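First the structure, in the form of structure tokens, and then the observations on it.
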Protein chains: 2
Amino acid sequence: MSTTSPRTDPRVLRTRLLIRVALIDLLQEMELEKITVNRIAERATINRVTFYLHYRDIPDMLERMADDMINEIHAALGDVPDQSRTKETDWSILVKMLEHIAENSNFYKVLLSSKRIPVFNDRLTKLIVDLITNRAEQRDASSSDSAVIVPRDIAIWYGSSAFIGTIVCWLRNDLPYTPLFLAKQLSLLFRLHQNTNELMDPE
Amino acid sequence: MSTTSPRTDPRVLRTRLLIRVALIDLLQEMELEKITVNRIAERATINRVTFYLHYRDIPDMLERMADDMINEIHAALGDVPDQSRTKETDWSILVKMLEHIAENSNFYKVLLSSKRIPVFNDRLTKLIVDLITNRAEQRDASSSDSAVIVPRDIAIWYGSSAFIGTIVCWLRNDLPYTPLFLAKQLSLLFRLHQNTNELMDPE
DNA sequence: TTATTATACTACAAAGTGTTTATTAGTTTC
DNA sequence: GAAACTAATAAACACTTTGTAGTATAATAA
């Protein structure tokens, strides 16, 4: 759970790992507001000053961890760019994402669902909004009918929020379903309202 | 934006109002982490000690404000208990909720969408989960078919998250739609996947 | 080995926290 | 209106946290 720029002093790698593990550790014991640089340093068995050598403050540390999270999700999805963008492809992306989250459930459970640290939710939301938006554009390009009932932005708000929220609830309940099964359910529910124009009449 | 237990000293009402307005005010200028009891007291033009006469600390204050928020939403929904629980009733509840949020958009925008203070989102989510759960139970009782494709809990996660998330996005974008219009879209989208068992075949 | 650099250690000023005590000022009740 | 009550103020206190220096020590890289 740590990204490494090429050729980095093993001491900084060690220190950063210690700091991050310490934070995750502390977050399982207390609220974010009660966590101080003091406590992190103590738990990480490093000097407090060393913390400031790596991060400006705790919010800065959370931001960087969120950056890493996004990078690792992207890596886990594999770079399946725009080729073979069929329903099956969307499927596999969703499964990959859920599998990645399940594999690192310790991390995601704390930062995304247990303590709800806004920046992590925000970053993941942005990622999913992008995925859905791309998918919708591709669909519109291939599909001939353009009679949309529900405004585009509302549909994207709705779908992305449903995705994120369901994943968070899944984590909160300690992953009661397999990634594959949940992906199947999600894509089923999602397709129902994603194709509003084909399914519904104005009423 | 404040609940009053009967017979309360006007001084405490005045002080609490000053404190709460000061917090909302400060949240529009800086992140929650940068807000201290010192700053709140200064902005509210009260003594710092007075703050501790009313709240244990800042997280405690946020909790109490979240309590008030839920109480006010309940009040705004009106006590339409279990009578006339048809599709039209759900409609009116949704419209009432969105109208209430729109009327107090200043408050909700800061606490729910701008700075994402977890406790507010959590409380509102719980409220909506309850509403949806009740609706689903009522629907199942009246409906004869019980062949559910998507597990109940996943459907509830999905729907409630979609609702909350859409409302947050609506606030973030400065209410580009009227409450009535958004309610219409939401109930349209919601009904699509709420009735999965009637609409879809197993595939 | 030598040069480099991350970390440890000590210290410091500034700010914030939570509490105590005594005083002032506003509210309620008779 | 006067007395009893209670909220808010003010000053002070011990304590923790923050962010930054300067110097020394250890690990790494050349």
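Labels used: A, B, ... for chains in the order of the structure tokens, numbers from 1 for residues in each chain, and numbers from 1 for ligands as shown.
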
Could you build a table of the residues in chain D lying no more than 9 Å from chain B, giving for each the nearest pair of atoms and their separation in Å rounded to one decimal place, using only C-alpha atoms (C1' of nucleotides), ordered by chain and ascending residue number, as CSV?
residue,atom,partner,partner_atom,distance
D:DT6,C1',B:Asp9,CA,8.9
D:DA7,C1',B:Arg11,CA,6.7
D:DA8,C1',B:Thr50,CA,6.7
D:DT9,C1',B:Asn47,CA,6.6
D:DA10,C1',B:Asn47,CA,8.7

Q.
With 7 Å as the limit and counting only C-alpha atoms, what residues in chain A lie close to chain B? Please list them as number ranges by chain.
A. A: 116, 118, 150, 154, 157-159, 161-163, 165-166, 169, 185, 189, 192-193

Selected residues written out with N, CA and C atoms, as a PDB file, in the first residue's frame:
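So the final result, stored in again03.pdb, reads:
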ATOM      1  N   ARG A 116     -15.214   8.272   8.151  1.00  0.00           N
ATOM      2  CA  ARG A 116     -15.502   8.737   6.804  1.00  0.00           C
ATOM      3  C   ARG A 116     -14.688   9.988   6.558  1.00  0.00           C
ATOM      4  N   PRO A 118     -13.522  12.651   4.343  1.00  0.00           N
ATOM      5  CA  PRO A 118     -14.126  13.138   3.102  1.00  0.00           C
ATOM      6  C   PRO A 118     -13.254  13.003   1.868  1.00  0.00           C
ATOM      7  N   VAL A 150     -34.541  11.873 -18.228  1.00  0.00           N
ATOM      8  CA  VAL A 150     -33.856  12.415 -17.065  1.00  0.00           C
ATOM      9  C   VAL A 150     -32.604  13.157 -17.522  1.00  0.00           C
ATOM     10  N   ILE A 154     -28.230  14.700 -13.667  1.00  0.00           N
ATOM     11  CA  ILE A 154     -28.938  14.024 -12.577  1.00  0.00           C
ATOM     12  C   ILE A 154     -28.697  12.522 -12.641  1.00  0.00           C
ATOM     13  N   TRP A 157     -25.229  11.888 -11.320  1.00  0.00           N
ATOM     14  CA  TRP A 157     -25.227  12.021  -9.856  1.00  0.00           C
ATOM     15  C   TRP A 157     -25.786  10.761  -9.222  1.00  0.00           C
ATOM     16  N   TYR A 158     -26.908  10.362  -9.773  1.00  0.00           N
ATOM     17  CA  TYR A 158     -27.637   9.228  -9.199  1.00  0.00           C
ATOM     18  C   TYR A 158     -26.808   7.947  -9.271  1.00  0.00           C
ATOM     19  N   GLY A 159     -26.310   7.653 -10.438  1.00  0.00           N
ATOM     20  CA  GLY A 159     -25.582   6.406 -10.630  1.00  0.00           C
ATOM     21  C   GLY A 159     -24.276   6.356  -9.858  1.00  0.00           C
ATOM     22  N   SER A 161     -23.360   8.066  -7.210  1.00  0.00           N
ATOM     23  CA  SER A 161     -23.615   8.034  -5.767  1.00  0.00           C
ATOM     24  C   SER A 161     -24.048   6.635  -5.333  1.00  0.00           C
ATOM     25  N   ALA A 162     -24.870   6.013  -6.150  1.00  0.00           N
ATOM     26  CA  ALA A 162     -25.342   4.669  -5.820  1.00  0.00           C
ATOM     27  C   ALA A 162     -24.174   3.692  -5.773  1.00  0.00           C
ATOM     28  N   PHE A 163     -23.273   3.813  -6.734  1.00  0.00           N
ATOM     29  CA  PHE A 163     -22.096   2.938  -6.771  1.00  0.00           C
ATOM     30  C   PHE A 163     -21.257   3.102  -5.510  1.00  0.00           C
ATOM     31  N   GLY A 165     -21.868   4.562  -2.684  1.00  0.00           N
ATOM     32  CA  GLY A 165     -22.573   4.269  -1.454  1.00  0.00           C
ATOM     33  C   GLY A 165     -22.719   2.778  -1.216  1.00  0.00           C
ATOM     34  N   THR A 166     -23.004   2.058  -2.283  1.00  0.00           N
ATOM     35  CA  THR A 166     -23.153   0.609  -2.131  1.00  0.00           C
ATOM     36  C   THR A 166     -21.824  -0.026  -1.731  1.00  0.00           C
ATOM     37  N   CYS A 169     -21.261   0.686   1.932  1.00  0.00           N
ATOM     38  CA  CYS A 169     -22.090  -0.189   2.777  1.00  0.00           C
ATOM     39  C   CYS A 169     -21.571  -1.616   2.764  1.00  0.00           C
ATOM     40  N   GLN A 185     -24.846  -7.599  -9.416  1.00  0.00           N
ATOM     41  CA  GLN A 185     -26.025  -6.865  -8.927  1.00  0.00           C
ATOM     42  C   GLN A 185     -25.945  -5.394  -9.305  1.00  0.00           C
ATOM     43  N   LEU A 189     -28.617  -3.316 -11.568  1.00  0.00           N
ATOM     44  CA  LEU A 189     -29.358  -2.138 -11.104  1.00  0.00           C
ATOM     45  C   LEU A 189     -29.023  -0.923 -11.954  1.00  0.00           C
ATOM     46  N   LEU A 192     -30.611  -0.611 -15.371  1.00  0.00           N
ATOM     47  CA  LEU A 192     -32.047  -0.349 -15.338  1.00  0.00           C
ATOM     48  C   LEU A 192     -32.371   1.118 -15.536  1.00  0.00           C
ATOM     49  N   HIS A 193     -31.595   1.976 -14.853  1.00  0.00           N
ATOM     50  CA  HIS A 193     -31.928   3.404 -14.995  1.00  0.00           C
ATOM     51  C   HIS A 193     -30.987   4.128 -15.929  1.00  0.00           C
TER      52      HIS A 193
END

Where does chain C meet chain B within 8 Å, residue by residue, with the nearest atom pair and distance in Å to one decimal for each, counting only C-alpha atoms (C1' of nucleotides), listed by chain and rising number, as CSV?
residue,atom,partner,partner_atom,distance
C:DG16,C1',B:Thr36,CA,7.5
C:DG26,C1',B:Arg11,CA,7.9
C:DT27,C1',B:Asp9,CA,7.2

Expected file contents, prior selection, N, CA and C atoms (P, O5', C5', C4', C3', O3' and C1' of nucleotides), as a compact mmCIF listing (two decimals), in the first residue's frame:
# COMPACT_ATOMS: atom_id res chain seq x y z
P DG C 16 -5.13 29.49 18.34
O5' DG C 16 -5.37 28.15 19.16
C5' DG C 16 -5.09 26.91 18.53
C4' DG C 16 -5.42 25.80 19.49
C3' DG C 16 -6.80 25.96 20.16
O3' DG C 16 -7.53 24.75 20.00
C1' DG C 16 -5.10 25.64 21.79
P DG C 26 -27.02 43.55 31.28
O5' DG C 26 -28.15 42.47 31.04
C5' DG C 26 -27.81 41.27 30.33
C4' DG C 26 -28.68 40.13 30.81
C3' DG C 26 -30.19 40.40 30.73
O3' DG C 26 -30.78 39.35 29.99
C1' DG C 26 -29.60 39.56 32.88
P DT C 27 -32.37 39.39 29.64
O5' DT C 27 -33.03 38.41 30.71
C5' DT C 27 -32.53 37.10 30.81
C4' DT C 27 -33.28 36.29 31.84
C3' DT C 27 -34.80 36.45 31.81
O3' DT C 27 -35.36 35.14 31.69
C1' DT C 27 -33.97 36.74 34.02

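The environment of Ala22 (chain B) within 9 Å, counting only C-alpha atoms (C1' of nucleotides) and disregarding residues fewer than 4 places along the same chain, consists of Leu17, Leu18, Leu26, Leu27, Arg39, Ile40, Ala41, Glu42, Arg43, Ala44 and Thr45 of chain B.
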
Just C-alpha atoms for this one: save the residues we selected as an mmCIF file, in the first residue's frame.
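Okay, this is what ended up in out25.cif:
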data_model
loop_
_atom_site.group_PDB
_atom_site.id
_atom_site.type_symbol
_atom_site.label_atom_id
_atom_site.label_comp_id
_atom_site.auth_asym_id
_atom_site.auth_seq_id
_atom_site.Cartn_x
_atom_site.Cartn_y
_atom_site.Cartn_z
ATOM 1 C CA LEU B 17 -27.552 30.906 18.112
ATOM 2 C CA LEU B 18 -24.452 33.101 18.112
ATOM 3 C CA LEU B 26 -16.275 30.107 9.764
ATOM 4 C CA LEU B 27 -16.873 26.933 7.751
ATOM 5 C CA ARG B 39 -12.076 31.296 16.778
ATOM 6 C CA ILE B 40 -15.715 30.329 17.296
ATOM 7 C CA ALA B 41 -15.898 32.323 20.522
ATOM 8 C CA GLU B 42 -14.220 35.292 18.929
ATOM 9 C CA ARG B 43 -16.558 35.247 15.932
ATOM 10 C CA ALA B 44 -19.623 34.734 18.123
ATOM 11 C CA THR B 45 -18.487 37.587 20.378
#

Q: For DT29 (chain C), work out the shell of residues within 10 Å, counting only C-alpha atoms (C1' of nucleotides) and skipping chain neighbours fewer than 2 positions away, then give it as a list of chain:residue names.
A: C:DT27, D:DA3, D:DA4, D:DC5

Selection file, N, CA and C atoms (P, O5', C5', C4', C3', O3' and C1' of nucleotides), as a PDB file, in the first residue's frame:
ATOM      1  P    DT C  27     -32.372  39.394  29.644  1.00  0.00           P
ATOM      2  O5'  DT C  27     -33.027  38.410  30.708  1.00  0.00           O
ATOM      3  C5'  DT C  27     -32.526  37.099  30.806  1.00  0.00           C
ATOM      4  C4'  DT C  27     -33.278  36.289  31.838  1.00  0.00           C
ATOM      5  C3'  DT C  27     -34.798  36.445  31.811  1.00  0.00           C
ATOM      6  O3'  DT C  27     -35.358  35.141  31.688  1.00  0.00           O
ATOM      7  C1'  DT C  27     -33.966  36.742  34.022  1.00  0.00           C
TER       8       DT C  27
ATOM      9  P    DA D   3     -34.259  43.720  48.358  1.00  0.00           P
ATOM     10  O5'  DA D   3     -34.487  42.178  47.997  1.00  0.00           O
ATOM     11  C5'  DA D   3     -35.653  41.529  48.478  1.00  0.00           C
ATOM     12  C4'  DA D   3     -35.639  40.064  48.063  1.00  0.00           C
ATOM     13  C3'  DA D   3     -34.295  39.350  48.268  1.00  0.00           C
ATOM     14  O3'  DA D   3     -34.521  38.019  48.725  1.00  0.00           O
ATOM     15  C1'  DA D   3     -34.847  39.331  45.971  1.00  0.00           C
ATOM     16  P    DA D   4     -33.315  37.026  49.010  1.00  0.00           P
ATOM     17  O5'  DA D   4     -33.439  36.001  47.787  1.00  0.00           O
ATOM     18  C5'  DA D   4     -34.699  35.405  47.496  1.00  0.00           C
ATOM     19  C4'  DA D   4     -34.569  34.497  46.267  1.00  0.00           C
ATOM     20  C3'  DA D   4     -33.337  33.594  46.282  1.00  0.00           C
ATOM     21  O3'  DA D   4     -33.706  32.297  45.827  1.00  0.00           O
ATOM     22  C1'  DA D   4     -33.319  34.937  44.336  1.00  0.00           C
ATOM     23  P    DC D   5     -32.613  31.123  45.667  1.00  0.00           P
ATOM     24  O5'  DC D   5     -32.363  31.146  44.094  1.00  0.00           O
ATOM     25  C5'  DC D   5     -33.485  31.161  43.200  1.00  0.00           C
ATOM     26  C4'  DC D   5     -33.010  31.312  41.776  1.00  0.00           C
ATOM     27  C3'  DC D   5     -31.818  30.428  41.405  1.00  0.00           C
ATOM     28  O3'  DC D   5     -32.167  29.659  40.269  1.00  0.00           O
ATOM     29  C1'  DC D   5     -31.472  32.657  40.676  1.00  0.00           C
TER      30       DC D   5
END

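Between CA of Ile73 (chain B) and CA of Leu13 (chain B) there is a distance of 20.5 Å.
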
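Interatomic distance, CA of Leu127 (chain A) against CA of Ile70 (chain A): 7.8 Å.
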
Q.
For a test of reading the model, state the distance in Å between CA of Glu99 (chain B) and CA of Phe181 (chain B), rounded to one decimal.
A. 10.9 Å

Q) In region 29-174 of chain B, what's alpha helix (DSSP H) per DSSP? Answer as number ranges by chain? A) B: 37-44, 48-54, 58-77, 87-103, 105-108, 118-142, 152-172

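Comparing B:Asp130, B:Glu137, B:Leu124, B:Val110 by their smallest distance to Asp68 (chain B), the closest is B:Leu124 (using only C-alpha atoms).
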